[in-house]
Structure formats: structure tokens, C-alpha cells
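Colleague: Shown below is the structure under consideration.
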Amino acid sequence: MRIRIVDAFSTRPFTGNPAGVVLLDSDAFPDTAWLQQVAAEVNLSETAFAHPLPPGGDADWALRWLTPATEVNMCGHATLATAHVLHTTGTATGTVRFRTRSGVLTTTAGPDGAITMDFPTAPLTPVEVPPVVAEALGCEIRSAYDTGPDVGDLLVELADEKTVHALAPDLRALAGHGGRGVIATARAEDRAAGHDFVSRCFFPAVGIDEDPVTGSAHTALAPFWSARLGRAALVGLQGAARCGHVGTELRGDRTLLTGSAVTVIDGELLATG
């Protein structure tokens with residue numbers, strides 16, 4: 001079967017967030033242990049596995065996401081990568097509906113190749129800053145929020161953009177705080193640079209030290225920054241060594257995420273179980 005590596009939330013190879021994509025010909029998923037072995041072999045933050053569903057239902061494809069260590073409830077960049085592969089190979093056109101652990105997620109390709117994803121908005125609940133997180137990040141935390149069961153991260157607001165870019169956290173300490181990981185964010189210093197806020201995401205508890213560009217995190221970042229900046233449509237910049245832009249549009253309990261993608265590797269998976 002074919003396996004592809006796609007750089008999501010980017011228009012250029014070797015930027016954005018890479019994801020593995022495996023489109024299955026079967027009408028069901030293989031054994032989960034095999035999926036996990038493939039994800040560990042690919043060794044990217046997520047590998048997406050999808051198979052077609054019978055026509056006439058509420059979704060067109062079933063979709064699952066696995067890190068090298070575990071399966072996750074939601075992944076934006078691997079969803080974008082999967083939709084990109086479906087459209088660029090002619091397997092699908094227009095709108096594609098995916099059945100996932102987070103319900104039915106819809107993606108729509110625009111005329112410029114950018115893909116807009118319709119995701120549930122993460123609920124934000126203010127929480128006390130866990131001491132282990134403050135110590136691991138090594139900087140002042142202005143506020144902290146639980147992002148609900150689908151995202152499962154702790155969102156922390158830092159003082160400014162420079163502080164976010166300079167983070168060098170104690171990853172072992174972060175891995176023990178509970179939940180999937182930590183989203184660190186701050187307001188953009190200069191909107192003329194093309195983004196409204198910045199973020200970095202650390203998920204050592206699920207085998208990902210730092211995720212370059214995280215779609216699911218933006219379902220929490222969108223309501224957080226839209227409330228502060230007074231606009232529904234924003235652009236976030238995420239990443240350190242690799243980075244990418246995510247367009248967000250808050251629509252109540254749904255958040256639209258928009259980005260581009262580029263296929264970097266297209267090969268054959270020989271170990272088929």
C-alpha cells in the first residue's frame with residue numbers, strides 16, 4: 001500500500017508539520033497493534049490511517065491518528081495532510097467528511113489548494129498553574145486553562161512573543177504533569193508580520209517533545225485569542241525550528257482551521273501485517 005509524508009500548514013517542503021498518511025483499500029482498520037507499529041516506524045508526531053466508508057452515510061472516510069506511542073482523540077495537521085492526499089490524487093473533490101474519535105470532521109478544499117477544516121471548539125476552563133509546569137517552563141505564566149477532553153492540553157499564556165520563542169522546557173518534568181501536553185502562547189508583537197498570536201506545543205507524555213504546528217491546539221487558541229483581540233478570524237504562527245501558519249475562524253462551538261500542505265515523500269509500505 002502507498003504511504004506518504006506530507007508537510008502540513010505550509011506551502012514549502014521541510015517546513016510546517018510532517019505527517020504520515022496511509023490510505024487503506026479495506027472497509028475496516030487493521031489491528032491496532034499494526035497501526036501503532038507503523039506509526040512508531042514513521043516516527044512523526046502523527047500518522048493518519050483512513051479507509052473509505054459506504055456511500056449514503058454521515059461520513060465519507062474513517063480516520064484515526066497515532067503518535068509513535070499512542071492513539072490520540074484529535075489531530076489537525078494529520079487531518080489536513082489526509083485531505084491534501086485525497087484531493088491531489090483525485091480520490092476526492094470538494095468536501096470530505098471524516099468519521100473520527102472527535103465526531104464527524106469536515107474538510108473543504110479551496111481553489112488555491114488551501115484546505116479548511118471544521119473542528120469542535122475546545123472549551124476553556126481557567127485553572128491554577130501546576131507548579132511542575134511553571135518550573136519546567138522556567139518563566140512567568142500569566143494564566144492557564146484546561147482545554148477539555150478532545151484536546152487534552154494545558155494552555156498557558158506567557159508574557160510576550162519573545163518568551164515563547166525562547167522556551168527550552170524541562171521535557172521530562174512536563175511529561176509528568178498529566179494530560180497530553182502544554183500549549184504556550186502569547187500575543188504577536190507586530191501584526192504586520194502576518195500573524196496575530198504565536199504558540200509552541202510540547203507533548204512529551206505521548207512521545208512528542210515538540211510538535212511544530214498543531215491544528216488541534218488552535219481549536220483552543222482560537223477562542224482564547226478571539227476573546228482578547230475582538231475578532232473571529234485570526235492567524236496563528238506556531239513553531240521553533242520548523243514553523244507554519246494556521247488560519248482560524250471562531251464560529252461558536254465550531255472552529256474553522258485553514259492551511260496548505262505539500263507532499264514530500266510518496267512511497268510503498270511493504271510491511272502490511
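For the C-alpha cells, the naming scheme is as follows: chains receive sequential letters (A, B, ...) according to their order of presentation, residues are indexed from 1 within each chain, and ligands are indexed from 1 in presentation order.
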Could you list, as a ChimeraX atom specification, every residue within 9 Å of Gly273 (chain A), counting only C-alpha atoms and ignoring same-chain residues fewer than 2 positions away?

Modeller: /A:30-31,34,270-271

Colleague: Can those selected residues be exported to a file as a PDB file, in the first residue's frame so that it contains N, CA and C atoms?

Modeller:
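Printed below is part_9.pdb as written:
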ATOM      1  N   PRO A  30      -7.030  -2.226  10.032  1.00  0.00           N
ATOM      2  CA  PRO A  30      -6.282  -3.393  10.505  1.00  0.00           C
ATOM      3  C   PRO A  30      -6.162  -3.360  12.029  1.00  0.00           C
ATOM      4  N   ASP A  31      -5.536  -4.392  12.572  1.00  0.00           N
ATOM      5  CA  ASP A  31      -5.331  -4.474  14.008  1.00  0.00           C
ATOM      6  C   ASP A  31      -4.610  -3.219  14.521  1.00  0.00           C
ATOM      7  N   TRP A  34      -0.822  -3.213  14.717  1.00  0.00           N
ATOM      8  CA  TRP A  34      -0.098  -2.965  13.459  1.00  0.00           C
ATOM      9  C   TRP A  34      -0.067  -1.468  13.158  1.00  0.00           C
ATOM     10  N   LEU A 270       5.724  -1.813   2.585  1.00  0.00           N
ATOM     11  CA  LEU A 270       5.865  -3.237   2.275  1.00  0.00           C
ATOM     12  C   LEU A 270       5.414  -4.130   3.433  1.00  0.00           C
ATOM     13  N   ALA A 271       5.571  -3.673   4.651  1.00  0.00           N
ATOM     14  CA  ALA A 271       5.203  -4.470   5.813  1.00  0.00           C
ATOM     15  C   ALA A 271       3.714  -4.269   6.095  1.00  0.00           C
TER      16      ALA A 271
END

Colleague: Residues of region 46-97 of chain A within 9 Å of region 13-19 of chain A: nearest atom pair and distance (Å, one decimal) for each, counting only C-alpha atoms, sorted by chain and number, as a Markdown table?

Modeller:
| residue | atom | partner | partner_atom | distance |
| --- | --- | --- | --- | --- |
| A:Glu46 | CA | A:Ala19 | CA | 5.5 |
| A:Thr47 | CA | A:Ala19 | CA | 5.5 |
| A:Ala48 | CA | A:Ala19 | CA | 7.2 |
| A:His77 | CA | A:Asn17 | CA | 6.8 |
| A:Ala78 | CA | A:Ala19 | CA | 5.4 |
| A:Ala81 | CA | A:Ala19 | CA | 6.6 |
| A:Thr82 | CA | A:Ala19 | CA | 8.7 |

Colleague: Would you save the residues from that selection as a compact mmCIF listing (two decimals), in the first residue's frame, using C-alpha atoms?

Modeller:
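Saved the output as selection01.txt:
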# COMPACT_ATOMS: atom_id res chain seq x y z
CA GLU A 46 1.21 11.66 13.95
CA THR A 47 0.48 9.15 11.24
CA ALA A 48 -3.05 9.14 9.84
CA HIS A 77 -2.30 18.62 10.83
CA ALA A 78 -2.69 14.91 10.00
CA ALA A 81 -2.45 16.03 5.32
CA THR A 82 -5.02 13.29 4.64

Colleague: DSSP on the backbone: what in region 14-114 of chain A comes out alpha helix (DSSP H), as a PyMOL selection string?

Modeller: chain A and resi 32-42+76-88

Colleague: Once you count only C-alpha atoms, what closest atom pair and distance in Å to one decimal does each residue of region 109-189 of chain A within 10 Å of region 241-249 of chain A have, with rows by chain and rising residue number, as JSON lines?

Modeller:
{"residue": "A:Thr116", "atom": "CA", "partner": "A:Gly247", "partner_atom": "CA", "distance": 8.7}
{"residue": "A:Met117", "atom": "CA", "partner": "A:Thr248", "partner_atom": "CA", "distance": 9.6}
{"residue": "A:Asp118", "atom": "CA", "partner": "A:Glu249", "partner_atom": "CA", "distance": 9.6}
{"residue": "A:His165", "atom": "CA", "partner": "A:Ala241", "partner_atom": "CA", "distance": 9.9}

Colleague: Compile the contact shell of Gly194 (chain A) as a ChimeraX atom specification: residues with an atom at most 10 Å away, counting only C-alpha atoms, same-chain residues fewer than 2 positions apart removed.

Modeller: /A:188,190-192,196-197,234-237,245

Colleague: Please report the interatomic distance between CA of Gln238 (chain A) and CA of Ile208 (chain A) in Å with one decimal.

Modeller: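 Spanning CA of Gln238 (chain A) to CA of Ile208 (chain A) is a straight-line distance of 15.3 Å.
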
Colleague: Quick one: pull the distance between CA of Ala33 (chain A) and CA of Leu63 (chain A), Å, one decimal.

Modeller: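 Answer for the CA of Ala33 (chain A) to CA of Leu63 (chain A) separation: 16.0 Å.
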
Colleague: Which residues come within 12 Å of region 54-56 of chain A, counting only C-alpha atoms, excluding same-chain residues fewer than 2 positions away, as a PDB file with all heavy atoms, in the first residue's frame?

Modeller:
ATOM      1  N   SER A  26      -9.178  -1.328   2.335  1.00  0.00           N
ATOM      2  CA  SER A  26     -10.163  -2.157   3.025  1.00  0.00           C
ATOM      3  C   SER A  26     -11.319  -1.322   3.546  1.00  0.00           C
ATOM      4  O   SER A  26     -11.269  -0.089   3.555  1.00  0.00           O
ATOM      5  CB  SER A  26      -9.490  -2.901   4.183  1.00  0.00           C
ATOM      6  OG  SER A  26      -8.928  -1.962   5.088  1.00  0.00           O
ATOM      7  N   ASP A  27     -12.379  -2.007   4.015  1.00  0.00           N
ATOM      8  CA  ASP A  27     -13.526  -1.302   4.581  1.00  0.00           C
ATOM      9  C   ASP A  27     -13.486  -1.298   6.104  1.00  0.00           C
ATOM     10  O   ASP A  27     -14.479  -1.006   6.767  1.00  0.00           O
ATOM     11  CB  ASP A  27     -14.833  -1.915   4.088  1.00  0.00           C
ATOM     12  CG  ASP A  27     -14.950  -3.400   4.414  1.00  0.00           C
ATOM     13  OD1 ASP A  27     -14.027  -3.951   5.060  1.00  0.00           O
ATOM     14  OD2 ASP A  27     -15.957  -4.018   4.025  1.00  0.00           O
ATOM     15  N   ALA A  28     -12.323  -1.637   6.666  1.00  0.00           N
ATOM     16  CA  ALA A  28     -12.137  -1.605   8.116  1.00  0.00           C
ATOM     17  C   ALA A  28     -10.656  -1.379   8.412  1.00  0.00           C
ATOM     18  O   ALA A  28      -9.800  -1.596   7.546  1.00  0.00           O
ATOM     19  CB  ALA A  28     -12.621  -2.900   8.760  1.00  0.00           C
ATOM     20  N   HIS A  51      -9.781   4.812   5.805  1.00  0.00           N
ATOM     21  CA  HIS A  51     -10.376   3.888   4.835  1.00  0.00           C
ATOM     22  C   HIS A  51     -11.738   4.421   4.406  1.00  0.00           C
ATOM     23  O   HIS A  51     -12.425   5.105   5.181  1.00  0.00           O
ATOM     24  CB  HIS A  51     -10.476   2.462   5.393  1.00  0.00           C
ATOM     25  CG  HIS A  51     -11.502   2.263   6.475  1.00  0.00           C
ATOM     26  ND1 HIS A  51     -12.859   2.200   6.233  1.00  0.00           N
ATOM     27  CD2 HIS A  51     -11.364   2.088   7.823  1.00  0.00           C
ATOM     28  CE1 HIS A  51     -13.515   2.000   7.357  1.00  0.00           C
ATOM     29  NE2 HIS A  51     -12.627   1.940   8.340  1.00  0.00           N
ATOM     30  N   PRO A  52     -12.156   4.135   3.169  1.00  0.00           N
ATOM     31  CA  PRO A  52     -13.433   4.654   2.677  1.00  0.00           C
ATOM     32  C   PRO A  52     -14.614   4.001   3.374  1.00  0.00           C
ATOM     33  O   PRO A  52     -14.547   2.844   3.793  1.00  0.00           O
ATOM     34  CB  PRO A  52     -13.404   4.311   1.183  1.00  0.00           C
ATOM     35  CG  PRO A  52     -12.462   3.154   1.076  1.00  0.00           C
ATOM     36  CD  PRO A  52     -11.435   3.350   2.140  1.00  0.00           C
ATOM     37  N   ASP A  58     -23.063   9.303   7.146  1.00  0.00           N
ATOM     38  CA  ASP A  58     -22.767  10.652   7.624  1.00  0.00           C
ATOM     39  C   ASP A  58     -21.326  11.065   7.360  1.00  0.00           C
ATOM     40  O   ASP A  58     -20.950  12.214   7.606  1.00  0.00           O
ATOM     41  CB  ASP A  58     -23.055  10.761   9.124  1.00  0.00           C
ATOM     42  CG  ASP A  58     -22.166   9.842   9.962  1.00  0.00           C
ATOM     43  OD1 ASP A  58     -21.511   8.945   9.392  1.00  0.00           O
ATOM     44  OD2 ASP A  58     -22.146  10.017  11.206  1.00  0.00           O
ATOM     45  N   ALA A  59     -20.508  10.135   6.857  1.00  0.00           N
ATOM     46  CA  ALA A  59     -19.108  10.442   6.584  1.00  0.00           C
ATOM     47  C   ALA A  59     -18.634   9.648   5.377  1.00  0.00           C
ATOM     48  O   ALA A  59     -19.239   8.632   4.993  1.00  0.00           O
ATOM     49  CB  ALA A  59     -18.245  10.121   7.803  1.00  0.00           C
ATOM     50  N   ASP A  60     -17.552  10.127   4.760  1.00  0.00           N
ATOM     51  CA  ASP A  60     -17.001   9.503   3.561  1.00  0.00           C
ATOM     52  C   ASP A  60     -15.813   8.583   3.865  1.00  0.00           C
ATOM     53  O   ASP A  60     -15.593   7.607   3.154  1.00  0.00           O
ATOM     54  CB  ASP A  60     -16.544  10.593   2.581  1.00  0.00           C
ATOM     55  CG  ASP A  60     -17.629  11.624   2.331  1.00  0.00           C
ATOM     56  OD1 ASP A  60     -18.708  11.221   1.868  1.00  0.00           O
ATOM     57  OD2 ASP A  60     -17.400  12.816   2.626  1.00  0.00           O
ATOM     58  N   TRP A  61     -15.041   8.934   4.892  1.00  0.00           N
ATOM     59  CA  TRP A  61     -13.856   8.168   5.269  1.00  0.00           C
ATOM     60  C   TRP A  61     -13.811   8.028   6.782  1.00  0.00           C
ATOM     61  O   TRP A  61     -14.219   8.947   7.503  1.00  0.00           O
ATOM     62  CB  TRP A  61     -12.570   8.879   4.796  1.00  0.00           C
ATOM     63  CG  TRP A  61     -12.365   8.836   3.312  1.00  0.00           C
ATOM     64  CD1 TRP A  61     -13.000   9.603   2.375  1.00  0.00           C
ATOM     65  CD2 TRP A  61     -11.477   7.987   2.597  1.00  0.00           C
ATOM     66  NE1 TRP A  61     -12.557   9.277   1.119  1.00  0.00           N
ATOM     67  CE2 TRP A  61     -11.604   8.289   1.228  1.00  0.00           C
ATOM     68  CE3 TRP A  61     -10.549   7.009   2.986  1.00  0.00           C
ATOM     69  CZ2 TRP A  61     -10.867   7.641   0.247  1.00  0.00           C
ATOM     70  CZ3 TRP A  61      -9.808   6.349   2.021  1.00  0.00           C
ATOM     71  CH2 TRP A  61      -9.970   6.668   0.655  1.00  0.00           C
ATOM     72  N   ALA A  62     -13.319   6.894   7.246  1.00  0.00           N
ATOM     73  CA  ALA A  62     -12.989   6.720   8.660  1.00  0.00           C
ATOM     74  C   ALA A  62     -11.519   7.098   8.835  1.00  0.00           C
ATOM     75  O   ALA A  62     -10.682   6.762   7.997  1.00  0.00           O
ATOM     76  CB  ALA A  62     -13.222   5.290   9.101  1.00  0.00           C
ATOM     77  N   ARG A  97     -15.873  14.308   4.417  1.00  0.00           N
ATOM     78  CA  ARG A  97     -16.285  14.134   5.806  1.00  0.00           C
ATOM     79  C   ARG A  97     -15.553  12.921   6.390  1.00  0.00           C
ATOM     80  O   ARG A  97     -15.593  11.834   5.823  1.00  0.00           O
ATOM     81  CB  ARG A  97     -17.789  13.931   5.892  1.00  0.00           C
ATOM     82  CG  ARG A  97     -18.617  15.078   5.305  1.00  0.00           C
ATOM     83  CD  ARG A  97     -20.069  14.659   5.102  1.00  0.00           C
ATOM     84  NE  ARG A  97     -20.150  13.519   4.190  1.00  0.00           N
ATOM     85  CZ  ARG A  97     -21.239  12.756   4.029  1.00  0.00           C
ATOM     86  NH1 ARG A  97     -22.341  13.027   4.733  1.00  0.00           N
ATOM     87  NH2 ARG A  97     -21.240  11.742   3.189  1.00  0.00           N
ATOM     88  N   ARG A  99     -15.049  10.370   9.708  1.00  0.00           N
ATOM     89  CA  ARG A  99     -15.553   9.865  10.984  1.00  0.00           C
ATOM     90  C   ARG A  99     -14.354   9.603  11.892  1.00  0.00           C
ATOM     91  O   ARG A  99     -13.451   8.846  11.529  1.00  0.00           O
ATOM     92  CB  ARG A  99     -16.342   8.585  10.796  1.00  0.00           C
ATOM     93  CG  ARG A  99     -16.926   8.019  12.115  1.00  0.00           C
ATOM     94  CD  ARG A  99     -17.635   6.709  11.876  1.00  0.00           C
ATOM     95  NE  ARG A  99     -18.765   6.893  10.977  1.00  0.00           N
ATOM     96  CZ  ARG A  99     -19.342   5.894  10.304  1.00  0.00           C
ATOM     97  NH1 ARG A  99     -18.843   4.666  10.387  1.00  0.00           N
ATOM     98  NH2 ARG A  99     -20.376   6.136   9.524  1.00  0.00           N
TER      99      ARG A  99
END

Colleague: List as number ranges by chain the protein and nucleic acid residues near Asn43 (chain A), meaning an atom at most 9 Å away when only C-alpha atoms are counted, but skip any in the same chain fewer than 4 places from it.

Modeller: A: 20, 38-39, 47, 67-68

Colleague: As JSON, numbers by chain, which residues of region 99-237 of chain A does DSSP assign to strand (DSSP E or B)?

Modeller: {"A": [99, 100, 103, 104, 105, 106, 107, 108, 109, 115, 116, 117, 118, 119, 120, 125, 126, 143, 144, 145, 146, 153, 154, 155, 156, 157, 181, 182, 183, 184, 185, 186, 187, 197, 198, 199, 200, 201, 202, 203, 208, 209, 210, 211, 233, 234, 235, 236, 237]}

Colleague: Leaving out Gly252 (chain A) and any residue of its chain fewer than 3 positions from it, which residues lie within 12 Å of it when counting only C-alpha atoms, given as a VMD selection string?

Modeller: chain A and resid 118 to 123 219 222 to 223 226 to 227 232 249 255 to 256

Colleague: Please dump the current selection as a PDB file, in the first residue's frame; keep N, CA, C and O atoms.

Modeller:
ATOM      1  N   ASP A 118     -13.365  21.890   9.642  1.00  0.00           N
ATOM      2  CA  ASP A 118     -14.400  22.276  10.603  1.00  0.00           C
ATOM      3  C   ASP A 118     -14.258  21.380  11.827  1.00  0.00           C
ATOM      4  O   ASP A 118     -14.591  20.191  11.781  1.00  0.00           O
ATOM      5  N   PHE A 119     -13.755  21.947  12.938  1.00  0.00           N
ATOM      6  CA  PHE A 119     -13.478  21.192  14.155  1.00  0.00           C
ATOM      7  C   PHE A 119     -14.318  21.728  15.310  1.00  0.00           C
ATOM      8  O   PHE A 119     -14.736  22.892  15.296  1.00  0.00           O
ATOM      9  N   PRO A 120     -14.550  20.913  16.330  1.00  0.00           N
ATOM     10  CA  PRO A 120     -15.219  21.444  17.525  1.00  0.00           C
ATOM     11  C   PRO A 120     -14.324  22.424  18.269  1.00  0.00           C
ATOM     12  O   PRO A 120     -13.114  22.206  18.393  1.00  0.00           O
ATOM     13  N   THR A 121     -14.913  23.516  18.748  1.00  0.00           N
ATOM     14  CA  THR A 121     -14.164  24.478  19.551  1.00  0.00           C
ATOM     15  C   THR A 121     -13.877  23.885  20.927  1.00  0.00           C
ATOM     16  O   THR A 121     -14.764  23.325  21.570  1.00  0.00           O
ATOM     17  N   ALA A 122     -12.650  23.991  21.373  1.00  0.00           N
ATOM     18  CA  ALA A 122     -12.279  23.466  22.682  1.00  0.00           C
ATOM     19  C   ALA A 122     -12.857  24.343  23.784  1.00  0.00           C
ATOM     20  O   ALA A 122     -12.755  25.566  23.731  1.00  0.00           O
ATOM     21  N   PRO A 123     -13.457  23.745  24.812  1.00  0.00           N
ATOM     22  CA  PRO A 123     -13.907  24.534  25.959  1.00  0.00           C
ATOM     23  C   PRO A 123     -12.723  24.918  26.831  1.00  0.00           C
ATOM     24  O   PRO A 123     -11.843  24.104  27.105  1.00  0.00           O
ATOM     25  N   THR A 219      -7.870  24.897  18.075  1.00  0.00           N
ATOM     26  CA  THR A 219      -9.283  24.934  18.469  1.00  0.00           C
ATOM     27  C   THR A 219      -9.433  25.507  19.871  1.00  0.00           C
ATOM     28  O   THR A 219     -10.539  25.892  20.266  1.00  0.00           O
ATOM     29  N   ALA A 222      -7.942  29.593  19.208  1.00  0.00           N
ATOM     30  CA  ALA A 222      -8.898  30.467  18.515  1.00  0.00           C
ATOM     31  C   ALA A 222      -9.849  31.163  19.488  1.00  0.00           C
ATOM     32  O   ALA A 222      -9.963  32.397  19.471  1.00  0.00           O
ATOM     33  N   PRO A 223     -10.563  30.428  20.352  1.00  0.00           N
ATOM     34  CA  PRO A 223     -11.446  31.151  21.283  1.00  0.00           C
ATOM     35  C   PRO A 223     -10.675  31.995  22.293  1.00  0.00           C
ATOM     36  O   PRO A 223     -11.157  33.062  22.702  1.00  0.00           O
ATOM     37  N   SER A 226      -9.487  35.132  20.151  1.00  0.00           N
ATOM     38  CA  SER A 226     -10.614  35.896  19.607  1.00  0.00           C
ATOM     39  C   SER A 226     -11.287  36.715  20.707  1.00  0.00           C
ATOM     40  O   SER A 226     -11.707  37.861  20.479  1.00  0.00           O
ATOM     41  N   ALA A 227     -11.379  36.153  21.911  1.00  0.00           N
ATOM     42  CA  ALA A 227     -11.979  36.892  23.021  1.00  0.00           C
ATOM     43  C   ALA A 227     -11.130  38.097  23.404  1.00  0.00           C
ATOM     44  O   ALA A 227     -11.662  39.143  23.781  1.00  0.00           O
ATOM     45  N   ALA A 232     -13.153  37.408  15.068  1.00  0.00           N
ATOM     46  CA  ALA A 232     -13.408  35.978  14.899  1.00  0.00           C
ATOM     47  C   ALA A 232     -12.339  35.307  14.055  1.00  0.00           C
ATOM     48  O   ALA A 232     -12.001  34.136  14.274  1.00  0.00           O
ATOM     49  N   GLU A 249     -10.981  30.676  12.434  1.00  0.00           N
ATOM     50  CA  GLU A 249     -12.217  31.470  12.428  1.00  0.00           C
ATOM     51  C   GLU A 249     -13.174  30.850  13.426  1.00  0.00           C
ATOM     52  O   GLU A 249     -13.616  29.707  13.259  1.00  0.00           O
ATOM     53  N   THR A 255     -14.834  25.641  15.189  1.00  0.00           N
ATOM     54  CA  THR A 255     -13.704  26.472  14.783  1.00  0.00           C
ATOM     55  C   THR A 255     -13.217  26.011  13.417  1.00  0.00           C
ATOM     56  O   THR A 255     -12.981  24.813  13.211  1.00  0.00           O
ATOM     57  N   LEU A 256     -13.083  26.939  12.488  1.00  0.00           N
ATOM     58  CA  LEU A 256     -12.539  26.627  11.168  1.00  0.00           C
ATOM     59  C   LEU A 256     -11.027  26.850  11.199  1.00  0.00           C
ATOM     60  O   LEU A 256     -10.552  27.900  11.626  1.00  0.00           O
TER      61      LEU A 256
END

Colleague: Write out as an NGL selection string which residues come within 8 Å of region 73-76 of chain A when counting only C-alpha atoms, dropping same-chain ones fewer than 2 positions away.

Modeller: :A and (46 or 65 or 71 or 78-80 or 100-102 or 150-151 or 214-216)

Colleague: Could you save those same residues with N, CA, C and O atoms as a PDB file, in the first residue's frame?

Modeller:
ATOM      1  N   GLU A  46       2.388  12.485  14.229  1.00  0.00           N
ATOM      2  CA  GLU A  46       1.206  11.664  13.954  1.00  0.00           C
ATOM      3  C   GLU A  46       1.305  11.007  12.590  1.00  0.00           C
ATOM      4  O   GLU A  46       1.857  11.590  11.645  1.00  0.00           O
ATOM      5  N   TRP A  65      -5.697   8.653  14.153  1.00  0.00           N
ATOM      6  CA  TRP A  65      -4.384   9.293  14.251  1.00  0.00           C
ATOM      7  C   TRP A  65      -3.580   8.617  15.354  1.00  0.00           C
ATOM      8  O   TRP A  65      -4.062   8.486  16.485  1.00  0.00           O
ATOM      9  N   GLU A  71      -2.556   6.332  20.450  1.00  0.00           N
ATOM     10  CA  GLU A  71      -3.591   6.913  19.600  1.00  0.00           C
ATOM     11  C   GLU A  71      -4.142   8.164  20.278  1.00  0.00           C
ATOM     12  O   GLU A  71      -4.269   8.228  21.499  1.00  0.00           O
ATOM     13  N   ALA A  78      -2.586  16.181  10.732  1.00  0.00           N
ATOM     14  CA  ALA A  78      -2.692  14.914  10.000  1.00  0.00           C
ATOM     15  C   ALA A  78      -4.021  14.811   9.253  1.00  0.00           C
ATOM     16  O   ALA A  78      -4.107  14.131   8.224  1.00  0.00           O
ATOM     17  N   THR A  79      -5.055  15.488   9.760  1.00  0.00           N
ATOM     18  CA  THR A  79      -6.315  15.567   9.006  1.00  0.00           C
ATOM     19  C   THR A  79      -6.115  16.394   7.742  1.00  0.00           C
ATOM     20  O   THR A  79      -6.563  16.019   6.650  1.00  0.00           O
ATOM     21  N   LEU A  80      -5.442  17.523   7.885  1.00  0.00           N
ATOM     22  CA  LEU A  80      -5.122  18.356   6.720  1.00  0.00           C
ATOM     23  C   LEU A  80      -4.289  17.567   5.714  1.00  0.00           C
ATOM     24  O   LEU A  80      -4.550  17.621   4.501  1.00  0.00           O
ATOM     25  N   THR A 100     -14.322  10.236  13.051  1.00  0.00           N
ATOM     26  CA  THR A 100     -13.164  10.180  13.931  1.00  0.00           C
ATOM     27  C   THR A 100     -13.609   9.995  15.376  1.00  0.00           C
ATOM     28  O   THR A 100     -14.799  10.002  15.697  1.00  0.00           O
ATOM     29  N   ARG A 101     -12.630   9.886  16.260  1.00  0.00           N
ATOM     30  CA  ARG A 101     -12.918   9.844  17.693  1.00  0.00           C
ATOM     31  C   ARG A 101     -13.572  11.135  18.180  1.00  0.00           C
ATOM     32  O   ARG A 101     -14.217  11.153  19.225  1.00  0.00           O
ATOM     33  N   SER A 102     -13.392  12.227  17.450  1.00  0.00           N
ATOM     34  CA  SER A 102     -13.954  13.528  17.831  1.00  0.00           C
ATOM     35  C   SER A 102     -15.219  13.846  17.056  1.00  0.00           C
ATOM     36  O   SER A 102     -15.592  15.014  16.913  1.00  0.00           O
ATOM     37  N   ASP A 150     -11.214  16.548  24.296  1.00  0.00           N
ATOM     38  CA  ASP A 150     -10.766  16.270  22.933  1.00  0.00           C
ATOM     39  C   ASP A 150      -9.329  16.713  22.706  1.00  0.00           C
ATOM     40  O   ASP A 150      -8.523  15.994  22.122  1.00  0.00           O
ATOM     41  N   VAL A 151      -9.001  17.914  23.166  1.00  0.00           N
ATOM     42  CA  VAL A 151      -7.635  18.413  23.012  1.00  0.00           C
ATOM     43  C   VAL A 151      -6.754  17.871  24.132  1.00  0.00           C
ATOM     44  O   VAL A 151      -5.670  17.329  23.890  1.00  0.00           O
ATOM     45  N   THR A 214       0.364  22.561  15.362  1.00  0.00           N
ATOM     46  CA  THR A 214      -0.662  21.672  15.904  1.00  0.00           C
ATOM     47  C   THR A 214      -2.054  22.215  15.627  1.00  0.00           C
ATOM     48  O   THR A 214      -2.482  23.204  16.247  1.00  0.00           O
ATOM     49  N   GLY A 215      -2.783  21.569  14.718  1.00  0.00           N
ATOM     50  CA  GLY A 215      -4.124  22.034  14.394  1.00  0.00           C
ATOM     51  C   GLY A 215      -5.063  21.976  15.582  1.00  0.00           C
ATOM     52  O   GLY A 215      -5.806  22.937  15.852  1.00  0.00           O
ATOM     53  N   SER A 216      -5.061  20.850  16.313  1.00  0.00           N
ATOM     54  CA  SER A 216      -5.994  20.706  17.432  1.00  0.00           C
ATOM     55  C   SER A 216      -5.787  21.788  18.480  1.00  0.00           C
ATOM     56  O   SER A 216      -6.746  22.275  19.082  1.00  0.00           O
TER      57      SER A 216
END

Colleague: One number please: CA of His195 (chain A) to CA of Leu155 (chain A), in Å, one decimal.

Modeller: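 Spanning CA of His195 (chain A) to CA of Leu155 (chain A) is a straight-line distance of 18.7 Å.
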
Colleague: Compare A:Val164, A:Leu24, A:Ala109, A:Trp225 by their minimum atom-to-atom distance to Thr272 (chain A), counting only C-alpha atoms, and give me the closest one.

Modeller: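 For Thr272 (chain A), the nearest of the given residues is A:Leu24.
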
Colleague: Of the residues A:His84, A:Arg200, A:Arg64, A:Arg228, which is the one nearest to Val182 (chain A), using only C-alpha atoms?

Modeller: A:Arg200

Colleague: So, counting only C-alpha atoms, which residue among A:Phe29, A:Phe9, A:Tyr145, A:Phe202 is closest to Pro130 (chain A)?

Modeller: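 Smallest separation from Pro130 (chain A) among the options: A:Tyr145.
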
Colleague: I need the residue nearest Gly178 (chain A) from this list: A:Val133, A:Cys201, A:Leu158, A:Ile265. Use only C-alpha atoms for the distance.

Modeller: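 The closest residue to Gly178 (chain A) is A:Val133.
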